[in-house]
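Text of data16.tsv, listed as TSV, C-alpha atoms:
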chain	number	residue	atom	x	y	z
A	1	MET	CA	102.47	138.02	65.08
A	2	PRO	CA	99.68	137.14	67.58
A	3	ARG	CA	100.57	135.63	70.93
A	4	TYR	CA	98.43	132.85	72.38
A	5	LEU	CA	97.47	131.44	75.75
A	6	HIS	CA	97.19	127.74	74.99
A	7	THR	CA	98.63	126.33	78.21
A	8	GLU	CA	98.97	127.19	81.88
A	9	ALA	CA	102.67	127.79	81.22
A	10	ASP	CA	101.76	130.34	78.54
A	11	LEU	CA	99.61	132.18	81.07
A	12	ASP	CA	102.29	132.14	83.75
A	13	THR	CA	104.90	133.52	81.36
A	14	ALA	CA	102.55	136.22	80.10
A	15	LEU	CA	101.56	137.25	83.65
A	16	GLY	CA	105.21	137.76	84.51
A	17	LYS	CA	105.73	139.97	81.47
A	18	LEU	CA	102.54	141.93	82.11
A	19	VAL	CA	103.34	142.74	85.75
A	20	ALA	CA	106.95	143.59	84.87
A	21	ALA	CA	105.68	146.06	82.27
A	22	ASP	CA	103.11	147.61	84.63
A	23	PRO	CA	103.99	147.28	88.34
A	24	ARG	CA	100.55	148.66	89.28
A	25	LEU	CA	99.24	145.18	88.56
A	26	ALA	CA	101.47	143.51	91.17
A	27	PRO	CA	99.04	144.16	94.07
A	28	VAL	CA	96.15	143.16	91.81
A	29	LEU	CA	97.81	139.80	91.21
A	30	ALA	CA	98.61	139.44	94.92
A	31	LYS	CA	94.94	139.96	95.80
A	32	ALA	CA	93.47	137.95	92.94
A	33	GLY	CA	95.85	135.05	92.92
A	34	ARG	CA	96.72	133.25	89.73
A	35	PRO	CA	93.78	133.49	87.30
A	36	ALA	CA	92.33	130.37	85.69
A	37	LEU	CA	92.92	129.69	82.01
A	38	ARG	CA	89.43	129.09	80.68
A	39	ARG	CA	89.26	127.82	77.10
A	40	ARG	CA	86.23	127.02	74.97
A	41	GLU	CA	85.61	125.36	71.64
A	42	ALA	CA	86.51	127.52	68.63
A	43	GLY	CA	84.83	127.85	65.23
A	44	TYR	CA	81.14	128.19	64.51
A	45	ALA	CA	80.19	126.25	67.63
A	46	GLY	CA	82.19	128.62	69.81
A	47	LEU	CA	80.58	131.70	68.30
A	48	CYS	CA	77.09	130.23	68.72
A	49	ALA	CA	77.81	129.40	72.36
A	50	ILE	CA	78.77	133.03	73.02
A	51	VAL	CA	75.70	134.34	71.18
A	52	CYS	CA	73.57	132.06	73.40
A	53	GLY	CA	75.09	133.76	76.43
A	54	GLN	CA	74.46	137.35	75.39
A	55	GLN	CA	72.53	139.23	78.11
A	56	LEU	CA	71.71	136.01	80.00
A	57	SER	CA	72.78	134.43	83.26
A	58	THR	CA	75.43	131.74	83.09
A	59	ALA	CA	72.91	129.01	83.97
A	60	SER	CA	70.32	130.10	81.40
A	61	ALA	CA	72.93	130.45	78.68
A	62	ALA	CA	74.35	127.00	79.41
A	63	ALA	CA	70.90	125.40	79.23
A	64	ILE	CA	70.12	126.94	75.85
A	65	ARG	CA	73.58	126.14	74.50
A	66	ASP	CA	73.30	122.50	75.57
A	67	ARG	CA	69.89	122.14	73.94
A	68	LEU	CA	71.20	123.72	70.74
A	69	PHE	CA	74.19	121.42	70.48
A	70	ALA	CA	72.10	118.34	71.31
A	71	ALA	CA	69.60	119.23	68.57
A	72	PHE	CA	72.32	119.37	65.90
A	73	ASP	CA	74.78	116.50	66.19
A	74	PRO	CA	77.20	116.89	64.53
A	75	PHE	CA	76.99	120.67	64.95
A	76	HIS	CA	77.49	122.30	61.54
A	77	HIS	CA	76.72	125.73	60.18
A	78	ASP	CA	74.76	124.35	57.21
A	79	ALA	CA	72.37	122.40	59.43
A	80	VAL	CA	71.73	125.39	61.67
A	81	ARG	CA	71.31	127.98	58.94
A	82	GLN	CA	68.84	125.76	57.10
A	83	ALA	CA	66.83	124.89	60.23
A	84	ARG	CA	63.33	126.26	60.73
A	85	ALA	CA	63.14	129.26	63.02
A	86	ASP	CA	60.39	127.67	65.10
A	87	LYS	CA	62.63	124.66	65.82
A	88	LEU	CA	65.36	126.98	67.09
A	89	ALA	CA	62.86	129.00	69.10
A	90	ARG	CA	61.72	125.87	70.93
A	91	LEU	CA	65.30	125.46	72.14
A	92	GLY	CA	65.02	128.79	73.96
A	93	LEU	CA	66.67	131.07	71.42
A	94	SER	CA	65.21	134.55	70.93
A	95	ALA	CA	64.34	135.80	67.46
A	96	ALA	CA	67.42	138.05	67.50
A	97	LYS	CA	69.75	135.19	68.42
A	98	ILE	CA	68.21	132.92	65.78
A	99	LYS	CA	68.85	135.63	63.18
A	100	SER	CA	72.42	136.00	64.44
A	101	ILE	CA	73.46	132.34	64.38
A	102	LYS	CA	71.82	131.85	60.99
A	103	ALA	CA	73.58	134.92	59.59
A	104	ILE	CA	76.95	133.76	60.91
A	105	GLY	CA	76.38	130.31	59.42
A	106	THR	CA	75.46	131.85	56.06
A	107	ALA	CA	78.57	134.05	56.10
A	108	ILE	CA	80.73	130.97	56.70
A	109	ALA	CA	78.96	129.01	53.94
A	110	LYS	CA	79.42	131.88	51.45
A	111	GLY	CA	83.08	132.36	52.34
A	112	GLU	CA	82.48	135.84	53.74
A	113	ILE	CA	84.42	134.88	56.87
A	114	ASP	CA	87.21	132.33	57.29
A	115	LEU	CA	87.43	131.46	60.96
A	116	ALA	CA	90.71	129.61	60.45
A	117	ALA	CA	92.21	132.81	59.01
A	118	VAL	CA	90.79	134.84	61.91
A	119	HIS	CA	92.81	132.63	64.25
A	120	GLU	CA	96.04	133.88	62.67
A	121	MET	CA	95.17	137.59	62.71
A	122	PRO	CA	96.35	140.15	65.28
A	123	ALA	CA	93.64	140.92	67.84
A	124	ASP	CA	92.47	144.24	66.38
A	125	GLU	CA	92.34	142.86	62.82
A	126	ALA	CA	90.47	139.76	63.95
A	127	HIS	CA	88.08	141.92	65.97
A	128	ALA	CA	87.25	143.95	62.86
A	129	ALA	CA	86.69	140.83	60.74
A	130	LEU	CA	84.29	139.35	63.28
A	131	THR	CA	82.31	142.50	64.02
A	132	ALA	CA	81.66	142.93	60.30
A	133	LEU	CA	79.21	140.02	60.62
A	134	HIS	CA	75.60	140.40	61.73
A	135	GLY	CA	75.11	139.36	65.33
A	136	ILE	CA	78.73	139.76	66.40
A	137	GLY	CA	79.32	142.92	68.39
A	138	PRO	CA	82.55	144.04	70.06
A	139	TRP	CA	81.96	142.04	73.25
A	140	THR	CA	81.14	138.81	71.40
A	141	ALA	CA	84.18	139.20	69.15
A	142	ASP	CA	86.58	139.80	72.02
A	143	ILE	CA	85.22	136.96	74.17
A	144	TYR	CA	85.62	134.64	71.18
A	145	LEU	CA	89.19	135.79	70.55
A	146	LEU	CA	90.17	135.43	74.19
A	147	PHE	CA	88.42	132.25	75.27
A	148	CYS	CA	88.02	130.29	72.03
A	149	LEU	CA	91.26	131.23	70.29
A	150	GLY	CA	93.40	132.12	73.31
A	151	ASN	CA	94.52	135.41	71.76
A	152	ALA	CA	96.66	137.03	74.45
A	153	ASP	CA	95.87	140.58	73.28
A	154	ALA	CA	92.07	140.40	73.04
A	155	TRP	CA	90.52	143.11	75.19
A	156	PRO	CA	86.76	143.03	76.03
A	157	ALA	CA	86.56	146.71	76.91
A	158	GLY	CA	82.76	146.61	77.17
A	159	ASP	CA	82.70	143.92	79.84
A	160	LEU	CA	81.02	145.08	83.05
A	161	ALA	CA	83.06	142.90	85.41
A	162	LEU	CA	86.32	144.15	83.88
A	163	GLN	CA	85.16	147.74	84.14
A	164	GLU	CA	84.23	147.37	87.79
A	165	ALA	CA	87.48	145.54	88.57
A	166	ALA	CA	89.46	148.36	86.97
A	167	ARG	CA	87.53	150.96	88.96
A	168	ILE	CA	88.42	149.29	92.24
A	169	ALA	CA	91.98	148.31	91.34
A	170	PHE	CA	92.97	151.79	90.19
A	171	ASN	CA	90.79	153.75	92.63
A	172	LEU	CA	88.82	155.46	89.87
A	173	ARG	CA	85.98	157.83	90.74
A	174	LYS	CA	83.52	155.96	88.56
A	175	ARG	CA	83.40	152.79	86.53
A	176	PRO	CA	85.20	153.36	83.21
A	177	ASP	CA	83.18	152.95	80.03
A	178	ALA	CA	84.35	150.96	77.01
A	179	LYS	CA	86.17	153.96	75.53
A	180	ARG	CA	88.19	154.59	78.68
A	181	MET	CA	88.84	150.88	79.10
A	182	GLY	CA	90.24	150.88	75.59
A	183	LYS	CA	92.74	153.55	76.61
A	184	LEU	CA	93.63	151.68	79.81
A	185	GLY	CA	94.27	148.55	77.81
A	186	ASP	CA	96.69	150.28	75.46
A	187	ALA	CA	99.31	150.21	78.21
A	188	TRP	CA	99.11	146.41	78.35
A	189	ARG	CA	99.60	145.54	74.69
A	190	PRO	CA	100.35	142.83	73.58
A	191	TRP	CA	99.06	141.23	76.80
A	192	ARG	CA	95.64	142.85	77.15
A	193	GLY	CA	93.96	139.46	77.25
A	194	VAL	CA	96.18	138.46	80.15
A	195	ALA	CA	95.15	141.65	81.96
A	196	ALA	CA	91.52	140.66	81.34
A	197	HIS	CA	92.04	137.26	82.95
A	198	LEU	CA	93.74	138.94	85.90
A	199	LEU	CA	91.02	141.56	86.38
A	200	TRP	CA	88.26	138.93	86.25
A	201	ALA	CA	90.08	137.02	88.99
A	202	TYR	CA	90.47	140.27	90.95
A	203	TYR	CA	86.75	141.00	90.58
A	204	HIS	CA	85.97	137.57	92.03
A	205	ALA	CA	88.37	138.09	94.94
A	206	VAL	CA	87.04	141.55	95.83
A	207	LYS	CA	83.34	141.11	95.13
A	208	ARG	CA	83.06	137.46	96.11
A	209	ARG	CA	81.11	136.93	92.91
A	210	ASP	CA	81.78	134.97	89.77
A	211	GLY	CA	84.33	136.83	87.67
A	212	ALA	CA	82.93	135.51	84.40
A	213	PRO	CA	82.48	137.88	81.46
A	214	VAL	CA	79.33	140.00	81.63
A	215	GLN	CA	78.19	141.91	78.59
A	216	SER	CA	77.24	145.54	79.05
A	217	ALA	CA	73.48	146.06	78.93
A	218	LYS	CA	72.08	147.85	75.92
A	219	PRO	CA	70.53	151.26	76.55
A	220	LYS	CA	66.84	151.08	77.39
A	221	ALA	CA	64.51	152.30	74.69
A	222	LYS	CA	62.46	155.40	75.20
A	223	LYS	CA	58.74	155.02	75.78
A	224	LYS	CA	55.87	157.27	74.89
A	225	ASP	CA	53.93	158.79	77.75
A	226	SER	CA	50.38	157.79	76.94
A	227	LYS	CA	48.94	160.88	78.62
A	228	ASN	CA	50.90	163.68	77.01
A	229	GLY	CA	52.71	162.04	74.10
A	230	ARG	CA	56.14	162.96	75.43
A	231	THR	CA	58.97	160.46	75.35
A	232	ARG	CA	60.42	159.20	78.63
A	233	ARG	CA	62.91	156.60	79.70
A	234	PRO	CA	61.66	153.65	81.74
A	235	ALA	CA	62.74	153.46	85.35
A	236	ALA	CA	66.02	151.66	85.96
As structure tokens, please, write out the structure in this file.
Amino acid sequence: MPRYLHTEADLDTALGKLVAADPRLAPVLAKAGRPALRRREAGYAGLCAIVCGQQLSTASAAAIRDRLFAAFDPFHHDAVRQARADKLARLGLSAAKIKSIKAIGTAIAKGEIDLAAVHEMPADEAHAALTALHGIGPWTADIYLLFCLGNADAWPAGDLALQEAARIAFNLRKRPDAKRMGKLGDAWRPWRGVAAHLLWAYYHAVKRRDGAPVQSAKPKAKKKDSKNGRTRRPAA
């Protein structure tokens, strides 16, 4: 049965259990301090808000999200999926994000996804149900589960801030990728989401930067060299 972080008391209890199960996290908690419990709206609105934030700064994502919600009041999947693409583009949404939020809305309308049922699923099962939809990748699914539903075992293994926090906290030679983060998280079940909150707080304490979730960048596409026809990767 899934465990949830609905209140500050839930988080405090879960932190105690997490650190007791893995004492390596005690100095992480001492450095980070108690992490904040950040909750967002669930349902279609919550998913759209996360899609708006993919690969964008916090400020840019918030501006687009606010314009989107203001344009559709009340905010409902039918209104968004039936809206003209040019109307959505004027709000600042890219073509890919327009396709994503429309596809999610259509899946809800057709009964291909039941977000209320997702709420009751264990983290891995819910993750699979969400990532089956167009526009919802692993990072989006896990951020939704953790922040919108409060699932205490959601684990955004592809999050850059979490990866960097883990590298520093455990003195790793290089930043772990999503696969290695998945293995690290196995030791913290069923409190992986609590570990995520803690590591974000640790990232903020160590780096003096916002510890908010940051999606891993997609690999850069190869480009053709116009002179010799060979493929090359653009400079980083």
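In this comparison, which uses all atoms listed in the file, the residue of A:Lys102, A:Lys17, A:Arg192, A:Arg175 approaching Pro156 (chain A) most closely is A:Arg192.
One distance worth recording is that between CA of Arg34 (chain A) and CA of Gly193 (chain A), which is 14.2 Å.
Using only C-alpha atoms, the smallest distance between any of A:Trp200, A:Asp78, A:His134, A:Ala187 and Pro23 (chain A) comes from A:Ala187.
Among the candidate residues A:His119, A:Asp186, A:Asp86, A:Tyr202, the one lying nearest to Gln163 (chain A) is A:Tyr202, with distances computed using all atoms listed in the file.
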Non-local contacts of Ala129 (chain A) (10 Å; all atoms listed in the file; under 5 positions in same chain excluded) as a list in words: Glu112, Ile113, Asp114, Leu115, Ala117, Val118, Met121, Ala123, Asp124, Ile136 and Ala141 of chain A
Just write the chosen residues, C-alpha atoms, as an mmCIF file, keeping the file's coordinate frame.
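The new file out_21.cif reads:
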data_model
loop_
_atom_site.group_PDB
_atom_site.id
_atom_site.type_symbol
_atom_site.label_atom_id
_atom_site.label_comp_id
_atom_site.auth_asym_id
_atom_site.auth_seq_id
_atom_site.Cartn_x
_atom_site.Cartn_y
_atom_site.Cartn_z
ATOM 1 C CA GLU A 112 82.480 135.840 53.740
ATOM 2 C CA ILE A 113 84.420 134.880 56.870
ATOM 3 C CA ASP A 114 87.210 132.330 57.290
ATOM 4 C CA LEU A 115 87.430 131.460 60.960
ATOM 5 C CA ALA A 117 92.210 132.810 59.010
ATOM 6 C CA VAL A 118 90.790 134.840 61.910
ATOM 7 C CA MET A 121 95.170 137.590 62.710
ATOM 8 C CA ALA A 123 93.640 140.920 67.840
ATOM 9 C CA ASP A 124 92.470 144.240 66.380
ATOM 10 C CA ILE A 136 78.730 139.760 66.400
ATOM 11 C CA ALA A 141 84.180 139.200 69.150
#
